[in-house]
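As structure tokens, the structure follows; a few thoughts come after it.
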Number of protein chains: 2
Amino acid sequence: MENELVAEVVLSGALPEGPEGEALVRPIAEEAVAQVLGAKSEGAVSQLVVRGERIAITLTSTGARPHQALLSFVKRLQDRLGRSHRVGIRSLRALHYTVRFPLDPVPAQPIGLPIPHEIWYEGTTAVLTLSELDEEALRDNWIDRAVALVEEKARRQAYQGKEQYWALLKPAVVRPGSFREDPTEAMIRRGWVRNGPTKGKWFLGPRAAHVLRAMERLARREVLEPLGFSEVVQPHHDSFDILLRTGHLAGLPGEFYYVAEPRTRDPGAWERFTDLVKITRQVPTEELAKLVGPPSAVSCYAQCPTVYWWLSGRTIAEGSLPLKVYDRTAISNRYESGGRHGLERVDEFHRIEPVYLGTPEQLLALREELLARYTQVFDNVLELEWRTAWVTPFYLQQSGGVGVEDATERIQGTIDFEAYLPYRGSREESEWLEFQNLSIVGDKYTKAFTIRPQKGLLWSGCSGIGLERWTTAFLAQKGLDPEGWPSRFREIAGPPPPDPTFL
Amino acid sequence: MENELVAEVVLSGALPEGPEGEALVRPIAEEAVAQVLGAKSEGAVSQLVVRGERIAITLTSTGARPHQALLSFVKRLQDRLGRSHRVGIRSLRALHYTVRFPLDPVPAQPIGLPIPHEIWYEGTTAVLTLSELDEEALRDNWIDRAVALVEEKARRQAYQGKEQYWALLKPAVVRPGSFREDPTEAMIRRGWVRNGPTKGKWFLGPRAAHVLRAMERLARREVLEPLGFSEVVQPHHDSFDILLRTGHLAGLPGEFYYVAEPRTRDPGAWERFTDLVKITRQVPTEELAKLVGPPSAVSCYAQCPTVYWWLSGRTIAEGSLPLKVYDRTAISNRYESGGRHGLERVDEFHRIEPVYLGTPEQLLALREELLARYTQVFDNVLELEWRTAWVTPFYLQQSGGVGVEDATERIQGTIDFEAYLPYRGSREESEWLEFQNLSIVGDKYTKAFTIRPQKGLLWSGCSGIGLERWTTAFLAQKGLDPEGWPSRFREIAGPPPPDPTFL
């Protein structure tokens, strides 16, 4: 017996007490258990007491969870008793829901959950009891999500402090250079950039904008357009609904910039606020808090979720696969807190995000094409010192098929592109800059957004082209003087614009 | 006597009472009044009482306000009494501050202010009394801002319901066409656009993105680049400080999308939130409200304020004038509430904003160059039916020099570009779409941001190129079939991308 569900059903009227009532109800419960848990799992009605309007029932099972059987029991009860006794269901709740599952190693630190629960360990078996689950929580399968959460927390404890898995794919070709400055510092000194009016955001004057836009043009002309990618323009705000579906809201909520709408647009409602601003020339913070609603969306964090949303519920014709689009419009915001540094670690950046959907074979072929195009750009246009690595988050390292144990399994996963930044120190000891990535994510998002192929399997993937990162990697290696830049890049960039002179 | 300021000064120690104390203090007060109000204004110490640690003083004046004299009095008091009596200033406040100013016509509806006050009318003179102003409110000149606010509210009452002033500049050349659909409806039907996941924002698929980006290229190649504009890349978030300086925060706070930062990035602090999301797959709204700070900025409303901020405190060399830059990166958000319609009235749009600074002569010449370039684009590339108008907000109509009474005064102000939208009805009766504007704003923003020229006067202006508006105007007149588009536009746009086929 792995699972035990102790529940109470409240009816709209009393049933006969004792054996008579039980004789009425038990066959219905057993029928539900047999039908729902069926042959695959052992299930039983281990206790059943009828007392007036209340039925106390305990279901146990091995394998499949018993709450589906409980829900089926209640539905049958409603049908039968409605007819025979004119009695309906008033409420249903689980008093306790206990499940046992293997957990190895047992976590060293206690694991907490934000709902009523107990958890203890019998050897390498975890015993989790949730208490006071209402019908919605049962229908919504909180129990399995709670189990998954305990497993995740145990995994995180086990990997605490460990790095992500990193395996070199393609080593860098050493390119000697003489520039050793932090490129952001150099740009500030020359007036190319100004640290923006809010945290971690930059104002790029004409010279810096010129380089950033040249990087964009380069990526589009040399990588995306030749491979048949089409541009889309996506909204800048990500909805909570989308981020629930992708899992981002559960993963990184402390890194979002939140968006809140005014409660009203009526100037009359805002009059006290605007009058105070006009008289005091300050922001009346308390008044503002009353007039602005709670967070209702976030400033774009990643672009691919909204692309998947665009395709949600659609079935894509075979002739349109692989589907290749990119967005370069939504601006990415990440709350970086203490980690900000120059243009390479910022709260706001500009990224081209190609997204591709197709069969596994199509995506593996496309990955090779993208790799070849990127290589051409980094080697022959930007002339960068760069390398690639296969990276896997620590908590996935023990999953199968992620290319950690076996390099031939490097199918779903991420390739990072890293550039040497001379100002940070030696090639061997300094941290290189991840300036680009390239992923195949399997059917994770096509499933989450119900995007279907005409036939076969539909996988997806994306590649983040961070324009500030390309710019930083390039300037850190080549310096700010266009005379020192590779000739093919200078061709694409065109002549630099005049810088305004300030006295 | 126009102004009367009744104030109380509290000292750190007692002065002699009665005539002796007054004899000590009165000369200091009279000296301050004479020096500060001087010859230009009549001022007097109309009452002065010394009682222990308290000085009650009433200043009256005609012309200049007496609070500067009061502040000067207190400073002198501190210097002199500190030396002679070892007594300092503990606090200063105005009990009442009354000013009289002309207000014609007297407002029909009562006028309210968000600070303690009374207001009444003597003929066409308004008598405004503010009560309980502390030293900061006096230093910060709340009195004059309150007067300006009363004047503004009276003006708004007088113009209630009146339209902005509108005078045709260049009439449209009629261009017959056969397309009569609402272009957004037509795009939705063909799958070019999808109504976004949050209010009033759109996802543009490849075909729609293709047209929008063609408009952008057109504006840059045919208007901005030939006139020597350089691109800058500005942050997407506008700080409150910037919007206080431009006046936007006092003007339109109900139209902003607000941005709020997480209170912390620490995953531990977010654990309850992320656990709840993982178990319930819903947003725990109350938990979120605790973890996100108050609004601290807004999503870009207009681009020019941040460009002025970039230049704030700078002195621009003569050789760099006129300074011509544009931003096309920040995405504009406006909370439109009930007014949303299709792609032409949206909560999110993409705009190129050229900003120019120079002498008045330079800007007037540039306006002619811009007008000529825009005309070339709208007449010969887009082949639009369009017109221009001189527009002035209702509340400025009675100011001098705004080009309402006298067309030769059309120097500072705004030109609107309007396009006929056939789906809305006849040319005469339907509302045309403002798809572009062009303004010279004088020294309003160069002063607000302390941007100085090497010599002479420094004016500025800007022109909003709304890409969704260009797109809507064009598609509403020419339809969605590229075969029907003008050949020069088709050249610039290039071949349309393939649309993915959905089953």
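Residues are referred to by chain and number: the chain letter is A, B, ... according to the order shown in the structure tokens, the number counts from 1 in that chain, and ligands are numbered separately from 1 in the order shown.
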
Residues at most 12 Å from Ser84 in chain B, counting only C-alpha atoms, excluding those fewer than 4 positions away in the same chain, as a ChimeraX atom specification? /B:15,24-25,77-80,88

Find the residues around range 420-422 of chain B up to 10 Å (only C-alpha atoms counted), leave out those fewer than 4 positions away in its own chain, and share them as number ranges by chain. B: 172, 174-183, 384-387, 426-428, 430-434, 472-478

Write the residues of the preceding selection, restricted to C-alpha atoms, as a PDB file, in the first residue's frame.
ATOM      1  CA  ALA B 172      -5.122  66.074 -49.286  1.00  0.00           C
ATOM      2  CA  VAL B 174      -7.837  62.703 -53.469  1.00  0.00           C
ATOM      3  CA  ARG B 175      -6.687  59.192 -54.364  1.00  0.00           C
ATOM      4  CA  PRO B 176      -9.548  56.933 -55.359  1.00  0.00           C
ATOM      5  CA  GLY B 177      -9.251  53.359 -54.127  1.00  0.00           C
ATOM      6  CA  SER B 178     -11.463  50.325 -53.909  1.00  0.00           C
ATOM      7  CA  PHE B 179     -10.400  48.842 -50.559  1.00  0.00           C
ATOM      8  CA  ARG B 180     -13.015  49.509 -47.876  1.00  0.00           C
ATOM      9  CA  GLU B 181     -12.190  47.059 -45.084  1.00  0.00           C
ATOM     10  CA  ASP B 182     -10.892  47.700 -41.612  1.00  0.00           C
ATOM     11  CA  PRO B 183      -7.302  46.615 -42.211  1.00  0.00           C
ATOM     12  CA  LEU B 384      -1.288  58.055 -49.544  1.00  0.00           C
ATOM     13  CA  GLU B 385      -4.229  60.389 -49.331  1.00  0.00           C
ATOM     14  CA  TRP B 386      -3.049  62.602 -46.485  1.00  0.00           C
ATOM     15  CA  ARG B 387      -3.125  66.145 -45.186  1.00  0.00           C
ATOM     16  CA  SER B 426     -16.687  59.502 -46.329  1.00  0.00           C
ATOM     17  CA  ARG B 427     -13.732  61.851 -46.570  1.00  0.00           C
ATOM     18  CA  GLU B 428     -15.819  64.681 -45.206  1.00  0.00           C
ATOM     19  CA  SER B 430     -15.157  60.373 -41.002  1.00  0.00           C
ATOM     20  CA  GLU B 431     -12.338  60.899 -38.576  1.00  0.00           C
ATOM     21  CA  TRP B 432      -8.957  60.758 -40.281  1.00  0.00           C
ATOM     22  CA  LEU B 433      -6.070  58.971 -38.611  1.00  0.00           C
ATOM     23  CA  GLU B 434      -3.228  60.992 -37.118  1.00  0.00           C
ATOM     24  CA  THR B 472      -2.732  51.063 -40.838  1.00  0.00           C
ATOM     25  CA  ALA B 473      -3.020  54.152 -43.043  1.00  0.00           C
ATOM     26  CA  PHE B 474      -1.291  52.359 -45.895  1.00  0.00           C
ATOM     27  CA  LEU B 475      -3.228  49.078 -45.663  1.00  0.00           C
ATOM     28  CA  ALA B 476      -6.558  50.889 -45.150  1.00  0.00           C
ATOM     29  CA  GLN B 477      -6.035  52.701 -48.455  1.00  0.00           C
ATOM     30  CA  LYS B 478      -4.162  50.080 -50.485  1.00  0.00           C
TER      31      LYS B 478
END

Which of these, A:Arg245, A:Pro19, A:Leu204, A:Pro486, has the shortest distance to Tyr445 in chain A once you count only C-alpha atoms?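 Using only C-alpha atoms, the shortest distance to Tyr445 in chain A belongs to A:Arg245.
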
Tell me which protein, DNA and RNA residues are within 12 Å of Thr450 in chain A, counting only C-alpha atoms, leaving out same-chain ones fewer than 5 positions away, and put them as a list in words.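 Answer for this query is Arg245, Thr246, Tyr308, Trp309, Trp310, Leu311, Ser312, Gly313, Arg314, Thr315, Ile316, Asp443, Lys444, Tyr445, Leu458 and Trp459 of chain A.
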
Same residues, C-alpha atoms, saved as a compact mmCIF listing (two decimals), in the first residue's frame:
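Once everything was written out, this is result_20.txt:
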# COMPACT_ATOMS: atom_id res chain seq x y z
CA ARG A 245 2.74 27.29 -19.03
CA THR A 246 6.47 27.52 -19.69
CA TYR A 308 4.88 29.49 -28.68
CA TRP A 309 1.76 31.27 -27.44
CA TRP A 310 1.27 32.69 -30.96
CA LEU A 311 1.19 29.12 -32.29
CA SER A 312 -0.83 27.68 -29.41
CA GLY A 313 -3.69 25.40 -30.42
CA ARG A 314 -2.54 25.33 -34.05
CA THR A 315 -1.75 22.37 -36.25
CA ILE A 316 1.12 23.21 -38.57
CA ASP A 443 8.48 18.59 -27.13
CA LYS A 444 8.44 20.52 -23.85
CA TYR A 445 6.91 23.68 -25.27
CA LEU A 458 6.95 18.12 -33.27
CA TRP A 459 9.99 19.41 -31.45

Could you give me, as a PDB file with all heavy atoms, in the first residue's frame, each residue of range 214-264 of chain B that DSSP assigns to strand (DSSP E) when run on this structure's backbone?
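part27.pdb, freshly written:
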ATOM      1  N   SER B 230      21.402  60.405 -36.577  1.00  0.00           N
ATOM      2  CA  SER B 230      22.103  59.211 -36.087  1.00  0.00           C
ATOM      3  C   SER B 230      21.199  58.465 -35.130  1.00  0.00           C
ATOM      4  O   SER B 230      20.480  59.068 -34.339  1.00  0.00           O
ATOM      5  CB  SER B 230      23.358  59.601 -35.287  1.00  0.00           C
ATOM      6  OG  SER B 230      24.276  60.255 -36.113  1.00  0.00           O
ATOM      7  N   GLU B 231      21.316  57.141 -35.155  1.00  0.00           N
ATOM      8  CA  GLU B 231      20.519  56.345 -34.227  1.00  0.00           C
ATOM      9  C   GLU B 231      21.142  56.313 -32.837  1.00  0.00           C
ATOM     10  O   GLU B 231      22.361  56.225 -32.695  1.00  0.00           O
ATOM     11  CB  GLU B 231      20.379  54.905 -34.757  1.00  0.00           C
ATOM     12  CG  GLU B 231      19.506  54.076 -33.849  1.00  0.00           C
ATOM     13  CD  GLU B 231      19.189  52.687 -34.387  1.00  0.00           C
ATOM     14  OE1 GLU B 231      19.675  52.337 -35.484  1.00  0.00           O
ATOM     15  OE2 GLU B 231      18.444  51.966 -33.696  1.00  0.00           O
ATOM     16  N   VAL B 232      20.296  56.380 -31.817  1.00  0.00           N
ATOM     17  CA  VAL B 232      20.712  56.078 -30.446  1.00  0.00           C
ATOM     18  C   VAL B 232      19.823  54.934 -29.950  1.00  0.00           C
ATOM     19  O   VAL B 232      18.792  54.644 -30.552  1.00  0.00           O
ATOM     20  CB  VAL B 232      20.575  57.308 -29.504  1.00  0.00           C
ATOM     21  CG1 VAL B 232      21.502  58.432 -29.926  1.00  0.00           C
ATOM     22  CG2 VAL B 232      19.125  57.797 -29.460  1.00  0.00           C
ATOM     23  N   HIS B 237      12.633  51.769 -19.999  1.00  0.00           N
ATOM     24  CA  HIS B 237      11.905  52.265 -18.828  1.00  0.00           C
ATOM     25  C   HIS B 237      12.191  53.747 -18.625  1.00  0.00           C
ATOM     26  O   HIS B 237      13.344  54.168 -18.650  1.00  0.00           O
ATOM     27  CB  HIS B 237      12.315  51.511 -17.573  1.00  0.00           C
ATOM     28  CG  HIS B 237      11.923  50.057 -17.602  1.00  0.00           C
ATOM     29  ND1 HIS B 237      12.414  49.126 -16.727  1.00  0.00           N
ATOM     30  CD2 HIS B 237      11.065  49.393 -18.409  1.00  0.00           C
ATOM     31  CE1 HIS B 237      11.875  47.939 -17.000  1.00  0.00           C
ATOM     32  NE2 HIS B 237      11.077  48.079 -18.030  1.00  0.00           N
ATOM     33  N   ASP B 238      11.129  54.527 -18.413  1.00  0.00           N
ATOM     34  CA  ASP B 238      11.294  55.952 -18.106  1.00  0.00           C
ATOM     35  C   ASP B 238      11.295  56.128 -16.596  1.00  0.00           C
ATOM     36  O   ASP B 238      10.399  55.622 -15.917  1.00  0.00           O
ATOM     37  CB  ASP B 238      10.121  56.755 -18.680  1.00  0.00           C
ATOM     38  CG  ASP B 238      10.109  56.744 -20.204  1.00  0.00           C
ATOM     39  OD1 ASP B 238      11.121  56.367 -20.801  1.00  0.00           O
ATOM     40  OD2 ASP B 238       9.074  57.128 -20.785  1.00  0.00           O
ATOM     41  N   SER B 239      12.268  56.856 -16.086  1.00  0.00           N
ATOM     42  CA  SER B 239      12.309  57.055 -14.635  1.00  0.00           C
ATOM     43  C   SER B 239      11.304  58.129 -14.228  1.00  0.00           C
ATOM     44  O   SER B 239      10.951  59.014 -15.009  1.00  0.00           O
ATOM     45  CB  SER B 239      13.716  57.466 -14.199  1.00  0.00           C
ATOM     46  OG  SER B 239      13.950  58.822 -14.505  1.00  0.00           O
ATOM     47  N   TYR B 258       2.959  50.868 -15.397  1.00  0.00           N
ATOM     48  CA  TYR B 258       3.971  51.027 -14.356  1.00  0.00           C
ATOM     49  C   TYR B 258       4.865  49.796 -14.262  1.00  0.00           C
ATOM     50  O   TYR B 258       4.433  48.684 -14.571  1.00  0.00           O
ATOM     51  CB  TYR B 258       3.297  51.321 -13.016  1.00  0.00           C
ATOM     52  CG  TYR B 258       2.718  52.718 -13.017  1.00  0.00           C
ATOM     53  CD1 TYR B 258       1.449  52.971 -13.530  1.00  0.00           C
ATOM     54  CD2 TYR B 258       3.474  53.799 -12.585  1.00  0.00           C
ATOM     55  CE1 TYR B 258       0.933  54.256 -13.583  1.00  0.00           C
ATOM     56  CE2 TYR B 258       2.971  55.086 -12.627  1.00  0.00           C
ATOM     57  CZ  TYR B 258       1.703  55.314 -13.130  1.00  0.00           C
ATOM     58  OH  TYR B 258       1.214  56.590 -13.195  1.00  0.00           O
ATOM     59  N   VAL B 259       6.096  50.024 -13.832  1.00  0.00           N
ATOM     60  CA  VAL B 259       7.066  48.952 -13.680  1.00  0.00           C
ATOM     61  C   VAL B 259       7.432  48.852 -12.205  1.00  0.00           C
ATOM     62  O   VAL B 259       7.649  49.869 -11.550  1.00  0.00           O
ATOM     63  CB  VAL B 259       8.345  49.255 -14.501  1.00  0.00           C
ATOM     64  CG1 VAL B 259       9.400  48.200 -14.251  1.00  0.00           C
ATOM     65  CG2 VAL B 259       8.012  49.345 -15.980  1.00  0.00           C
ATOM     66  N   ALA B 260       7.450  47.632 -11.689  1.00  0.00           N
ATOM     67  CA  ALA B 260       7.809  47.431 -10.280  1.00  0.00           C
ATOM     68  C   ALA B 260       8.884  46.363 -10.192  1.00  0.00           C
ATOM     69  O   ALA B 260       8.832  45.356 -10.899  1.00  0.00           O
ATOM     70  CB  ALA B 260       6.578  47.028  -9.479  1.00  0.00           C
ATOM     71  N   GLU B 261       9.843  46.593  -9.323  1.00  0.00           N
ATOM     72  CA  GLU B 261      10.941  45.640  -9.152  1.00  0.00           C
ATOM     73  C   GLU B 261      10.592  44.626  -8.070  1.00  0.00           C
ATOM     74  O   GLU B 261       9.871  44.947  -7.126  1.00  0.00           O
ATOM     75  CB  GLU B 261      12.202  46.383  -8.694  1.00  0.00           C
ATOM     76  CG  GLU B 261      12.728  47.350  -9.719  1.00  0.00           C
ATOM     77  CD  GLU B 261      13.866  48.189  -9.159  1.00  0.00           C
ATOM     78  OE1 GLU B 261      14.346  47.912  -8.038  1.00  0.00           O
ATOM     79  OE2 GLU B 261      14.282  49.128  -9.862  1.00  0.00           O
ATOM     80  N   PRO B 262      11.156  43.423  -8.173  1.00  0.00           N
ATOM     81  CA  PRO B 262      11.029  42.505  -7.038  1.00  0.00           C
ATOM     82  C   PRO B 262      11.736  43.119  -5.828  1.00  0.00           C
ATOM     83  O   PRO B 262      12.737  43.818  -5.989  1.00  0.00           O
ATOM     84  CB  PRO B 262      11.753  41.245  -7.511  1.00  0.00           C
ATOM     85  CG  PRO B 262      12.533  41.635  -8.721  1.00  0.00           C
ATOM     86  CD  PRO B 262      11.939  42.873  -9.282  1.00  0.00           C
TER      87      PRO B 262
END

Residue with smallest distance to chain B - pool A:Gln397, A:Thr471, A:Gln282, A:Ser439, counting only C-alpha atoms: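 Checking each of A:Gln397, A:Thr471, A:Gln282, A:Ser439 against chain B, counting only C-alpha atoms, the winner is A:Gln282.
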
Give the alpha helix (DSSP H) residues of range 154-327 of chain B, as DSSP finds them on the backbone, and put them as a VMD selection string. chain B and resid 154 to 159 183 to 189 206 to 219 240 to 246 248 to 251 271 to 280 285 to 291 304 to 311

Exercise: Glu369 in chain B partners within 12 Å, only C-alpha atoms, chain neighbours under 4 positions left out, as a list in words: Glu222, Val223, Leu224, Pro226, Leu227, Gly228, Gln362, Leu363, Leu364, Ala365, Arg373, Tyr374, Thr375, Gln376 and Leu438 of chain B

Could the residues in this selection be written to a file with all heavy atoms, as a compact mmCIF listing (two decimals), in the first residue's frame?
# COMPACT_ATOMS: atom_id res chain seq x y z
N GLU B 222 14.66 57.13 -46.37
CA GLU B 222 14.19 58.25 -47.20
C GLU B 222 14.05 59.55 -46.42
O GLU B 222 13.90 60.61 -47.02
CB GLU B 222 12.83 57.89 -47.82
CG GLU B 222 12.83 56.63 -48.66
CD GLU B 222 13.55 56.82 -50.00
OE1 GLU B 222 13.45 57.92 -50.57
OE2 GLU B 222 14.22 55.87 -50.44
N VAL B 223 14.02 59.46 -45.09
CA VAL B 223 13.85 60.68 -44.31
C VAL B 223 15.06 60.92 -43.40
O VAL B 223 15.74 61.95 -43.51
CB VAL B 223 12.56 60.62 -43.46
CG1 VAL B 223 12.39 61.92 -42.66
CG2 VAL B 223 11.34 60.38 -44.35
N LEU B 224 15.35 59.99 -42.52
CA LEU B 224 16.29 60.27 -41.44
C LEU B 224 17.75 60.22 -41.87
O LEU B 224 18.53 61.13 -41.55
CB LEU B 224 16.03 59.31 -40.28
CG LEU B 224 14.61 59.43 -39.72
CD1 LEU B 224 14.33 58.35 -38.69
CD2 LEU B 224 14.40 60.82 -39.10
N PRO B 226 19.17 60.51 -44.95
CA PRO B 226 19.59 61.61 -45.82
C PRO B 226 19.71 62.94 -45.09
O PRO B 226 20.47 63.81 -45.49
CB PRO B 226 18.47 61.69 -46.87
CG PRO B 226 17.76 60.39 -46.81
CD PRO B 226 17.93 59.87 -45.42
N LEU B 227 18.96 63.12 -44.00
CA LEU B 227 19.05 64.38 -43.26
C LEU B 227 20.10 64.33 -42.14
O LEU B 227 20.22 65.26 -41.35
CB LEU B 227 17.68 64.75 -42.67
CG LEU B 227 16.60 65.11 -43.71
CD1 LEU B 227 15.28 65.42 -43.02
CD2 LEU B 227 17.04 66.31 -44.56
N GLY B 228 20.86 63.23 -42.09
CA GLY B 228 21.98 63.18 -41.15
C GLY B 228 21.61 62.82 -39.72
O GLY B 228 22.36 63.12 -38.79
N GLN B 362 17.88 77.08 -37.15
CA GLN B 362 18.22 75.72 -37.60
C GLN B 362 17.00 74.81 -37.56
O GLN B 362 16.76 74.02 -38.46
CB GLN B 362 19.33 75.14 -36.71
CG GLN B 362 20.70 75.72 -36.99
CD GLN B 362 21.75 75.27 -35.96
OE1 GLN B 362 21.40 74.95 -34.82
NE2 GLN B 362 23.01 75.28 -36.36
N LEU B 363 16.20 74.93 -36.50
CA LEU B 363 15.06 74.03 -36.37
C LEU B 363 13.96 74.36 -37.37
O LEU B 363 13.30 73.45 -37.89
CB LEU B 363 14.52 74.03 -34.94
CG LEU B 363 15.45 73.45 -33.87
CD1 LEU B 363 14.64 72.97 -32.67
CD2 LEU B 363 16.31 72.31 -34.39
N LEU B 364 13.78 75.65 -37.65
CA LEU B 364 12.77 75.99 -38.66
C LEU B 364 13.19 75.48 -40.03
O LEU B 364 12.37 74.98 -40.81
CB LEU B 364 12.53 77.50 -38.67
CG LEU B 364 11.76 77.98 -37.42
CD1 LEU B 364 11.77 79.50 -37.34
CD2 LEU B 364 10.31 77.46 -37.45
N ALA B 365 14.49 75.56 -40.32
CA ALA B 365 14.98 75.04 -41.60
C ALA B 365 14.83 73.52 -41.64
O ALA B 365 14.40 72.94 -42.65
CB ALA B 365 16.45 75.43 -41.80
N ARG B 373 10.80 65.78 -47.06
CA ARG B 373 11.10 64.34 -47.11
C ARG B 373 9.85 63.50 -46.84
O ARG B 373 9.61 62.50 -47.50
CB ARG B 373 12.17 64.00 -46.06
CG ARG B 373 13.54 64.51 -46.42
CD ARG B 373 14.28 63.47 -47.24
NE ARG B 373 15.44 64.03 -47.87
CZ ARG B 373 16.14 63.39 -48.80
NH1 ARG B 373 15.78 62.17 -49.19
NH2 ARG B 373 17.18 63.96 -49.34
N TYR B 374 9.10 63.91 -45.82
CA TYR B 374 7.87 63.17 -45.51
C TYR B 374 6.91 63.22 -46.71
O TYR B 374 6.28 62.23 -47.07
CB TYR B 374 7.17 63.76 -44.28
CG TYR B 374 7.81 63.43 -42.93
CD1 TYR B 374 7.96 64.41 -41.96
CD2 TYR B 374 8.22 62.13 -42.62
CE1 TYR B 374 8.50 64.12 -40.70
CE2 TYR B 374 8.77 61.83 -41.37
CZ TYR B 374 8.92 62.83 -40.41
OH TYR B 374 9.45 62.54 -39.18
N THR B 375 6.82 64.39 -47.29
CA THR B 375 5.92 64.56 -48.43
C THR B 375 6.30 63.61 -49.56
O THR B 375 5.46 62.94 -50.16
CB THR B 375 5.97 66.03 -48.93
OG1 THR B 375 5.56 66.87 -47.85
CG2 THR B 375 5.05 66.24 -50.12
N GLN B 376 7.59 63.53 -49.81
CA GLN B 376 8.11 62.63 -50.84
C GLN B 376 7.69 61.18 -50.54
O GLN B 376 7.22 60.45 -51.41
CB GLN B 376 9.64 62.81 -50.87
CG GLN B 376 10.46 61.63 -51.31
CD GLN B 376 10.29 61.33 -52.79
OE1 GLN B 376 9.70 62.13 -53.53
NE2 GLN B 376 10.75 60.15 -53.21
N LEU B 438 4.95 66.38 -35.98
CA LEU B 438 6.22 67.09 -36.16
C LEU B 438 6.12 68.35 -35.31
O LEU B 438 5.25 69.18 -35.54
CB LEU B 438 6.37 67.43 -37.65
CG LEU B 438 7.53 68.30 -38.10
CD1 LEU B 438 8.87 67.73 -37.67
CD2 LEU B 438 7.52 68.46 -39.63

Who sits within 12 Å of Leu343 in chain B, only C-alpha atoms, same chain under 5 positions skipped, as a ChimeraX atom specification: /B:182-188,192-196,200-204,208,212,348-350,433,435,466-473,475-476

What is the distance, in Å and to one decimal place, between CA of Asn333 in chain B and CA of Ala148 in chain B? 29.5 Å

Counting only C-alpha atoms, the option among A:Gln35, A:Asn380, A:Thr198, A:Ser463 closest to chain B: A:Thr198

Ranking B:Pro253, B:Gly401, B:Gly342, B:Gly456 by minimum distance to chain A and counting only C-alpha atoms, which one comes first?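 Selected residue with least distance to chain A: B:Pro253.
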
Counting only C-alpha atoms, what is within 10 Å of Gly251 in chain A, bar same-chain residues fewer than 5 positions away, as a list in words?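 Near neighbours after the sequence-gap exclusion: Leu243, Leu244 and Thr246 of chain A; Pro267, Trp270, Glu271, Thr274, Asp275, Val277 and Lys278 of chain B.
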
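Here CA of Glu216 in chain A is placed at a distance of 17.3 Å from CA of Pro235 in chain B.
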
Considering only C-alpha atoms, return as a list in words whatever protein or nucleic-acid residues lie within 8 Å of Ser72 in chain B, sequence-local ones (same chain, fewer than 3 positions apart) excluded.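 Returned residues: Ala32, Val36, Gln68, Ala69, Lys75 and Arg76 of chain B.
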
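Proximity ranking of A:Gly18, A:Pro27, A:Gly247, A:Gly461 relative to chain B places A:Gly247 first, based on only C-alpha atoms.
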
Point-to-point distance from CA of Glu163 in chain A to CA of Phe378 in chain A, Å rounded to tenths: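 Going from CA of Glu163 in chain A over to CA of Phe378 in chain A, I get 27.0 Å.
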
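Restricting the calculation to only C-alpha atoms, the smallest distance between Val33 in chain B and any of B:Gly254, B:Gly13, B:Gly52, B:Pro66 is found for B:Pro66.
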